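Dropping start.txt in here (compact mmCIF, C-alpha atoms and all ligand atoms):
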# COMPACT_ATOMS: atom_id res chain seq x y z
CA MET A 929 -2.27 38.76 23.13
CA SER A 930 -2.74 35.50 24.83
CA PHE A 931 -4.64 32.61 23.38
CA LYS A 932 -5.25 29.02 23.99
CA VAL A 933 -4.26 26.43 21.41
CA ILE A 934 -6.56 23.47 21.11
CA ARG A 935 -5.10 20.74 19.01
CA ALA A 936 -7.23 17.76 18.13
CA ASN A 937 -5.42 14.59 18.99
CA ILE A 938 -6.13 13.14 15.58
CA LEU A 939 -3.11 10.91 15.46
CA GLY A 940 -3.72 9.72 19.03
CA GLU A 941 -7.23 8.52 18.17
CA ASN A 942 -5.94 7.02 14.99
CA ASP A 943 -3.22 5.11 16.79
CA ASN A 944 -5.74 3.62 19.23
CA ALA A 945 -7.82 2.31 16.36
CA ALA A 946 -4.68 1.06 14.61
CA GLY A 947 -3.65 -0.78 17.76
CA ASP A 948 -7.04 -2.53 17.92
CA ILE A 949 -6.78 -3.57 14.29
CA ARG A 950 -3.22 -4.81 14.76
CA ALA A 951 -4.26 -6.96 17.74
CA ARG A 952 -7.17 -8.52 15.81
CA LEU A 953 -5.00 -9.28 12.81
CA ALA A 954 -2.25 -10.69 15.02
CA SER A 955 -4.52 -13.18 16.75
CA GLY A 956 -5.98 -14.24 13.39
CA GLY A 957 -2.59 -14.40 11.69
CA VAL A 958 -3.81 -12.05 8.97
CA PHE A 959 -1.10 -10.18 7.05
CA MET A 960 -1.90 -6.58 6.06
CA ILE A 961 -0.04 -4.23 3.76
CA ASN A 962 -0.66 -0.53 3.16
CA MET A 963 0.10 0.59 -0.40
CA ILE A 964 1.00 4.26 -0.69
CA SER A 965 1.81 6.20 -3.85
CA SER A 966 1.04 9.33 -5.79
CA PRO A 967 -2.09 9.30 -7.98
CA GLY A 968 -1.55 7.48 -11.26
CA SER A 969 1.40 5.33 -10.24
CA GLY A 970 -0.56 2.20 -11.11
CA LYS A 971 -1.71 0.78 -7.77
CA THR A 972 -5.02 -0.44 -9.13
CA SER A 973 -3.40 -1.87 -12.26
CA LEU A 974 -0.89 -3.65 -10.05
CA LEU A 975 -3.75 -5.16 -8.06
CA GLU A 976 -5.48 -6.22 -11.27
CA LYS A 977 -2.33 -8.21 -12.11
CA LEU A 978 -1.64 -9.49 -8.61
CA GLY A 979 -5.20 -10.42 -7.60
CA PRO A 980 -5.67 -13.32 -10.03
CA VAL A 981 -2.21 -14.70 -9.08
CA LEU A 982 -3.15 -14.65 -5.39
CA GLU A 983 -6.45 -16.38 -6.19
CA LYS A 984 -4.75 -19.04 -8.31
CA ASN A 985 -2.50 -19.82 -5.36
CA GLY A 986 -5.38 -20.17 -2.94
CA ILE A 987 -4.66 -17.03 -0.93
CA ARG A 988 -7.79 -15.62 0.66
CA PHE A 989 -7.62 -11.85 0.54
CA VAL A 990 -9.57 -8.64 0.55
CA ILE A 991 -8.64 -5.29 -0.94
CA ILE A 992 -9.64 -2.08 0.83
CA THR A 993 -9.43 0.68 -1.73
CA GLY A 994 -9.56 4.34 -0.82
CA ASP A 995 -10.65 7.13 -3.09
CA CYS A 996 -11.60 10.71 -2.42
CA PHE A 997 -14.83 10.54 -4.39
CA THR A 998 -15.43 7.80 -6.96
CA SER A 999 -15.72 4.03 -6.81
CA ARG A 1000 -13.85 3.53 -10.04
CA ASP A 1001 -10.99 1.52 -8.59
CA ALA A 1002 -13.35 -0.75 -6.67
CA GLU A 1003 -15.40 -1.28 -9.82
CA ARG A 1004 -12.28 -2.28 -11.76
CA LEU A 1005 -11.29 -4.82 -9.10
CA ASP A 1006 -14.86 -6.05 -8.66
CA ARG A 1007 -15.04 -6.74 -12.39
CA LEU A 1008 -12.26 -9.31 -11.89
CA GLY A 1009 -14.29 -10.94 -9.13
CA LEU A 1010 -11.87 -9.80 -6.43
CA ALA A 1011 -13.15 -9.16 -2.89
CA VAL A 1012 -13.05 -5.41 -2.48
CA VAL A 1013 -14.29 -2.86 0.04
CA GLN A 1014 -14.50 0.75 -1.11
CA ILE A 1015 -13.72 3.61 1.24
CA ASN A 1016 -14.83 7.03 0.05
CA THR A 1017 -13.02 9.59 2.13
CA GLY A 1018 -15.31 12.41 0.96
CA GLY A 1019 -12.37 14.50 -0.18
CA ALA A 1020 -9.96 13.62 2.63
CA CYS A 1021 -6.49 12.91 1.31
CA HIS A 1022 -5.75 9.75 3.29
CA ILE A 1023 -7.38 6.74 4.91
CA ASP A 1024 -7.37 6.63 8.70
CA ALA A 1025 -7.48 3.60 10.97
CA ARG A 1026 -11.11 4.13 11.96
CA LEU A 1027 -12.12 3.80 8.31
CA VAL A 1028 -10.11 0.60 8.02
CA ASP A 1029 -11.69 -0.69 11.22
CA ALA A 1030 -15.16 -0.03 9.78
CA SER A 1031 -14.19 -1.75 6.51
CA LEU A 1032 -12.93 -4.83 8.33
CA ARG A 1033 -16.18 -5.29 10.25
CA ASP A 1034 -17.77 -7.02 7.26
CA VAL A 1035 -14.71 -9.17 6.58
CA ASP A 1036 -14.50 -12.70 8.02
CA LEU A 1037 -10.92 -12.51 9.30
CA GLY A 1038 -11.03 -16.20 10.18
CA LYS A 1039 -11.21 -16.88 6.46
CA THR A 1040 -8.72 -14.24 5.38
CA ASP A 1041 -4.96 -14.57 4.86
CA LEU A 1042 -4.22 -11.11 3.54
CA VAL A 1043 -5.62 -7.58 3.57
CA ILE A 1044 -4.29 -5.11 1.01
CA ILE A 1045 -5.01 -1.42 1.52
CA GLU A 1046 -4.84 0.75 -1.57
CA ASN A 1047 -4.46 4.13 0.06
CA VAL A 1048 -5.60 7.40 -1.49
CA GLY A 1049 -3.06 8.55 -4.09
CA ASN A 1050 -0.94 10.97 -2.04
CA LEU A 1051 2.70 10.75 -1.00
CA VAL A 1052 2.48 12.99 2.04
CA CYS A 1053 -0.02 12.41 4.84
CA PRO A 1054 -0.89 8.69 4.33
CA THR A 1055 2.64 8.09 5.57
CA ASP A 1056 1.72 9.54 8.99
CA PHE A 1057 -1.35 7.39 9.59
CA ASP A 1058 -0.74 3.98 11.08
CA LEU A 1059 -3.57 1.76 9.84
CA GLY A 1060 -2.57 -1.30 11.85
CA GLU A 1061 -0.72 -2.72 8.86
CA ASP A 1062 2.29 -5.01 9.10
CA LEU A 1063 4.20 -3.26 6.35
CA LYS A 1064 3.99 -0.20 4.15
CA VAL A 1065 4.58 -0.57 0.41
CA ALA A 1066 5.64 2.44 -1.64
CA VAL A 1067 4.62 2.34 -5.29
CA LEU A 1068 6.66 4.62 -7.53
CA SER A 1069 6.46 4.76 -11.29
CA THR A 1070 9.05 5.51 -13.92
CA THR A 1071 6.92 8.28 -15.49
CA GLU A 1072 7.11 10.26 -12.25
CA GLY A 1073 10.88 10.60 -12.49
CA HIS A 1074 13.73 9.06 -10.55
CA ASP A 1075 13.81 11.84 -7.96
CA LYS A 1076 10.60 10.79 -6.16
CA PRO A 1077 12.45 8.98 -3.32
CA VAL A 1078 14.54 12.05 -2.54
CA LYS A 1079 11.54 14.38 -2.74
CA TYR A 1080 9.35 12.18 -0.51
CA PRO A 1081 11.82 10.59 1.90
CA MET A 1082 9.19 10.09 4.66
CA LEU A 1083 7.52 7.30 2.77
CA ILE A 1084 10.72 5.63 1.63
CA ARG A 1085 12.08 5.61 5.19
CA LYS A 1086 8.95 3.85 6.43
CA CYS A 1087 8.35 1.34 3.65
CA ALA A 1088 9.43 -2.28 3.70
CA LEU A 1089 9.04 -2.58 -0.05
CA ALA A 1090 9.38 -0.09 -2.87
CA VAL A 1091 7.80 -1.11 -6.15
CA ILE A 1092 9.14 0.71 -9.18
CA ASN A 1093 6.24 0.40 -11.59
CA LYS A 1094 5.85 0.99 -15.35
CA THR A 1095 9.31 -0.29 -16.30
CA ASP A 1096 7.95 -0.83 -19.82
CA LEU A 1097 7.81 2.96 -20.24
CA ILE A 1098 11.48 3.62 -19.38
CA PRO A 1099 12.51 3.97 -23.05
CA HIS A 1100 10.07 6.88 -23.39
CA THR A 1101 11.33 8.77 -20.34
CA ASP A 1102 14.54 10.13 -18.82
CA PHE A 1103 14.08 7.81 -15.86
CA ASP A 1104 17.40 6.57 -14.46
CA MET A 1105 16.89 3.28 -12.60
CA ASP A 1106 20.34 3.39 -10.96
CA ILE A 1107 19.71 6.80 -9.43
CA CYS A 1108 16.26 5.77 -8.23
CA GLU A 1109 17.50 2.55 -6.64
CA ARG A 1110 20.50 4.27 -5.07
CA SER A 1111 18.28 6.98 -3.53
CA ILE A 1112 15.98 4.35 -2.05
CA ASN A 1113 18.93 2.41 -0.63
CA GLU A 1114 20.46 5.54 0.86
CA LEU A 1115 17.22 6.44 2.63
CA ASN A 1116 16.37 2.93 3.73
CA ASN A 1117 18.85 0.13 3.20
CA LYS A 1118 16.35 -2.45 4.45
CA ALA A 1119 13.68 -1.71 1.84
CA LYS A 1120 13.30 -4.35 -0.83
CA ILE A 1121 12.93 -3.04 -4.38
CA ILE A 1122 10.81 -4.77 -7.00
CA LYS A 1123 10.70 -3.55 -10.60
CA MET A 1124 7.30 -4.08 -12.14
CA SER A 1125 5.31 -3.59 -15.28
CA CYS A 1126 1.60 -4.21 -15.39
CA LYS A 1127 1.85 -4.31 -19.19
CA THR A 1128 4.49 -7.04 -19.49
CA GLY A 1129 3.85 -8.67 -16.10
CA GLU A 1130 7.47 -8.14 -15.04
CA GLY A 1131 7.90 -8.49 -11.29
CA THR A 1132 4.45 -9.91 -10.53
CA ASP A 1133 5.92 -13.28 -9.47
CA ILE A 1134 8.50 -11.58 -7.23
CA LEU A 1135 5.80 -9.47 -5.57
CA PHE A 1136 3.70 -12.59 -5.09
CA GLU A 1137 6.61 -14.39 -3.39
CA TRP A 1138 7.24 -11.39 -1.13
CA ILE A 1139 3.59 -11.37 -0.06
CA LYS A 1140 3.46 -15.15 0.38
CA ASN A 1141 6.49 -14.93 2.63
CA GLY A 1142 4.80 -12.19 4.69
CA ILE A 1143 1.66 -14.29 5.10
CA GLN A 1144 3.69 -17.33 6.21
CA LYS A 1145 5.64 -15.33 8.79
CA LYS A 1146 2.45 -13.78 10.16
CA LYS A 1147 0.74 -17.15 10.48
CA GLU A 1148 3.76 -18.62 12.25
CA SER A 1149 3.86 -15.75 14.74
CA ALA A 1150 0.13 -16.21 15.47
CA LYS A 1151 0.59 -19.86 16.47
MG MG B 1201 -6.17 3.33 -7.77
ZN ZN B 1202 -4.43 13.47 4.30

Represent the structure contained in this file as structure tokens.
Ligand code: MG
Ligand code: ZN
Amino acid sequence: MSFKVIRANILGENDNAAGDIRARLASGGVFMINMISSPGSGKTSLLEKLGPVLEKNGIRFVIITGDCFTSRDAERLDRLGLAVVQINTGGACHIDARLVDASLRDVDLGKTDLVIIENVGNLVCPTDFDLGEDLKVAVLSTTEGHDKPVKYPMLIRKCALAVINKTDLIPHTDFDMDICERSINELNNKAKIIKMSCKTGEGTDILFEWIKNGIQKKKESAK
């Protein structure tokens, strides 16, 4: 039997769109991060904590939040008065660059310092899609177990920052912080690790400083 294989160049098209986005953000000096995690790791809760801190410090930002079906996350962030664009992927398990491009069309990048993408909760394919971001952020949580980095090394290898969220719940779990941190370091010794709790606020200030530093560097490189 002989047959022809036709493979859609999905990633090729995606990368073109990502390149366009990256060029626009570079000329405007806009810093963009892509937050990737499993469902329920607390990305939206983290943004509910972080958003008001960014606002208080005069950082102009927009959150692009991806969900398969609902607008629940966007509604939560909107309730806090945060600038948010909802992407409904219609069941698709990741955001692609063309969706980000469409979301950014309504954003005045000249008046924006920071774009935060809250990707669809999924540790596998979002890692493969370049969205034109500067840096990827992995969000892990203590309730998922300390073996997440080893089980999903693709994301850890590509992230610049790993947030270990829900530290307040450690006493109720078998989570071993040393093992988790060691696995992250072994996979990617450049990744910064921030321990966070959206209940106690632990780590919010460190995350804010990390983002502020990213914005400053991006603005300097745009000059
Ligand atoms: Mg969410
Ligand atoms: Zn996917």

Near A:Ser966, within 8 Å and counting all atoms listed in the file, which residues show up once chain neighbours fewer than 3 positions away are dropped, as a compact mmCIF listing (two decimals) with C-alpha atoms, in the frame of the given file?
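Saved the output as around27.txt:
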# COMPACT_ATOMS: atom_id res chain seq x y z
CA SER A 969 1.40 5.33 -10.24
CA GLY A 1049 -3.06 8.55 -4.09
CA ASN A 1050 -0.94 10.97 -2.04
CA LEU A 1051 2.70 10.75 -1.00
CA VAL A 1067 4.62 2.34 -5.29
CA LEU A 1068 6.66 4.62 -7.53

Quiz item: Using all atoms listed in the file, which residues sit within 12 Å of A:Arg1007 once same-chain residues fewer than 6 positions away are excluded, as a PyMOL selection string?
Solution: chain A and resi 976+979-980+1000-1001

Self-check item: Near-stretch 943-952 of chain A list (8 Å; all atoms listed in the file; drop same-chain fewer than 5 positions) as a PyMOL selection string
Solution: chain A and resi 1025-1026+1029+1057-1062

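Nearest residue to A:Leu1008 among A:Glu1109, A:Asp1133, A:Glu983, A:Asp1104 is A:Glu983, counting only C-alpha atoms.
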
Shell of 12 Å around ligand ZN 1202 (chain B) (all atoms listed in the file), written as a tab-separated table (two decimals) with C-alpha atoms, keeping the file's coordinate frame:
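So selection31.tsv came out as:
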chain	number	residue	atom	x	y	z
A	938	ILE	CA	-6.13	13.14	15.58
A	939	LEU	CA	-3.11	10.91	15.46
A	964	ILE	CA	1.00	4.26	-0.69
A	994	GLY	CA	-9.56	4.34	-0.82
A	995	ASP	CA	-10.65	7.13	-3.09
A	996	CYS	CA	-11.60	10.71	-2.42
A	1017	THR	CA	-13.02	9.59	2.13
A	1018	GLY	CA	-15.31	12.41	0.96
A	1019	GLY	CA	-12.37	14.50	-0.18
A	1020	ALA	CA	-9.96	13.62	2.63
A	1021	CYS	CA	-6.49	12.91	1.31
A	1022	HIS	CA	-5.75	9.75	3.29
A	1023	ILE	CA	-7.38	6.74	4.91
A	1024	ASP	CA	-7.37	6.63	8.70
A	1047	ASN	CA	-4.46	4.13	0.06
A	1048	VAL	CA	-5.60	7.40	-1.49
A	1049	GLY	CA	-3.06	8.55	-4.09
A	1050	ASN	CA	-0.94	10.97	-2.04
A	1051	LEU	CA	2.70	10.75	-1.00
A	1052	VAL	CA	2.48	12.99	2.04
A	1053	CYS	CA	-0.02	12.41	4.84
A	1054	PRO	CA	-0.89	8.69	4.33
A	1055	THR	CA	2.64	8.09	5.57
A	1056	ASP	CA	1.72	9.54	8.99
A	1057	PHE	CA	-1.35	7.39	9.59

Environment of ligand MG 1201 (chain B) within 7 Å, counting all atoms listed in the file, reported as a compact mmCIF listing (two decimals) with C-alpha atoms, in the coordinates of the input:
# COMPACT_ATOMS: atom_id res chain seq x y z
CA GLY A 970 -0.56 2.20 -11.11
CA LYS A 971 -1.71 0.78 -7.77
CA THR A 972 -5.02 -0.44 -9.13
CA ASP A 1001 -10.99 1.52 -8.59
CA GLU A 1046 -4.84 0.75 -1.57

Quiz item: Quick one: residues within 12 Å of A:Gly1129, all atoms listed in the file counted, chain neighbours fewer than 6 positions away excluded, as a VMD selection string?
Solution: chain A and resid 973 to 978 981 1093 to 1096 1123 1135 to 1136

Practice problem: State, in Å with one decimal place, the distance from atom CA of A:Thr1070 to atom CA of A:Thr1101. | Solution: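 Taking atom CA of A:Thr1070 as the start and atom CA of A:Thr1101 as the end point, the length is 7.6 Å.
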
Quiz item: Between atom CA of A:Arg988 and atom CA of A:Lys1140, what is the spacing in Å?
Solution: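 Between these atoms lies a distance of 11.3 Å.
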
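Rounded to one decimal, atom CA of A:Thr998 and atom CA of A:Leu1097 lie 27.2 Å from each other.
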
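Using all atoms listed in the file for every distance, the candidate list A:Ala1119, A:Ile1107, A:Ile1044, A:Leu1027 yields A:Ile1044 as the residue closest to A:Val1012.
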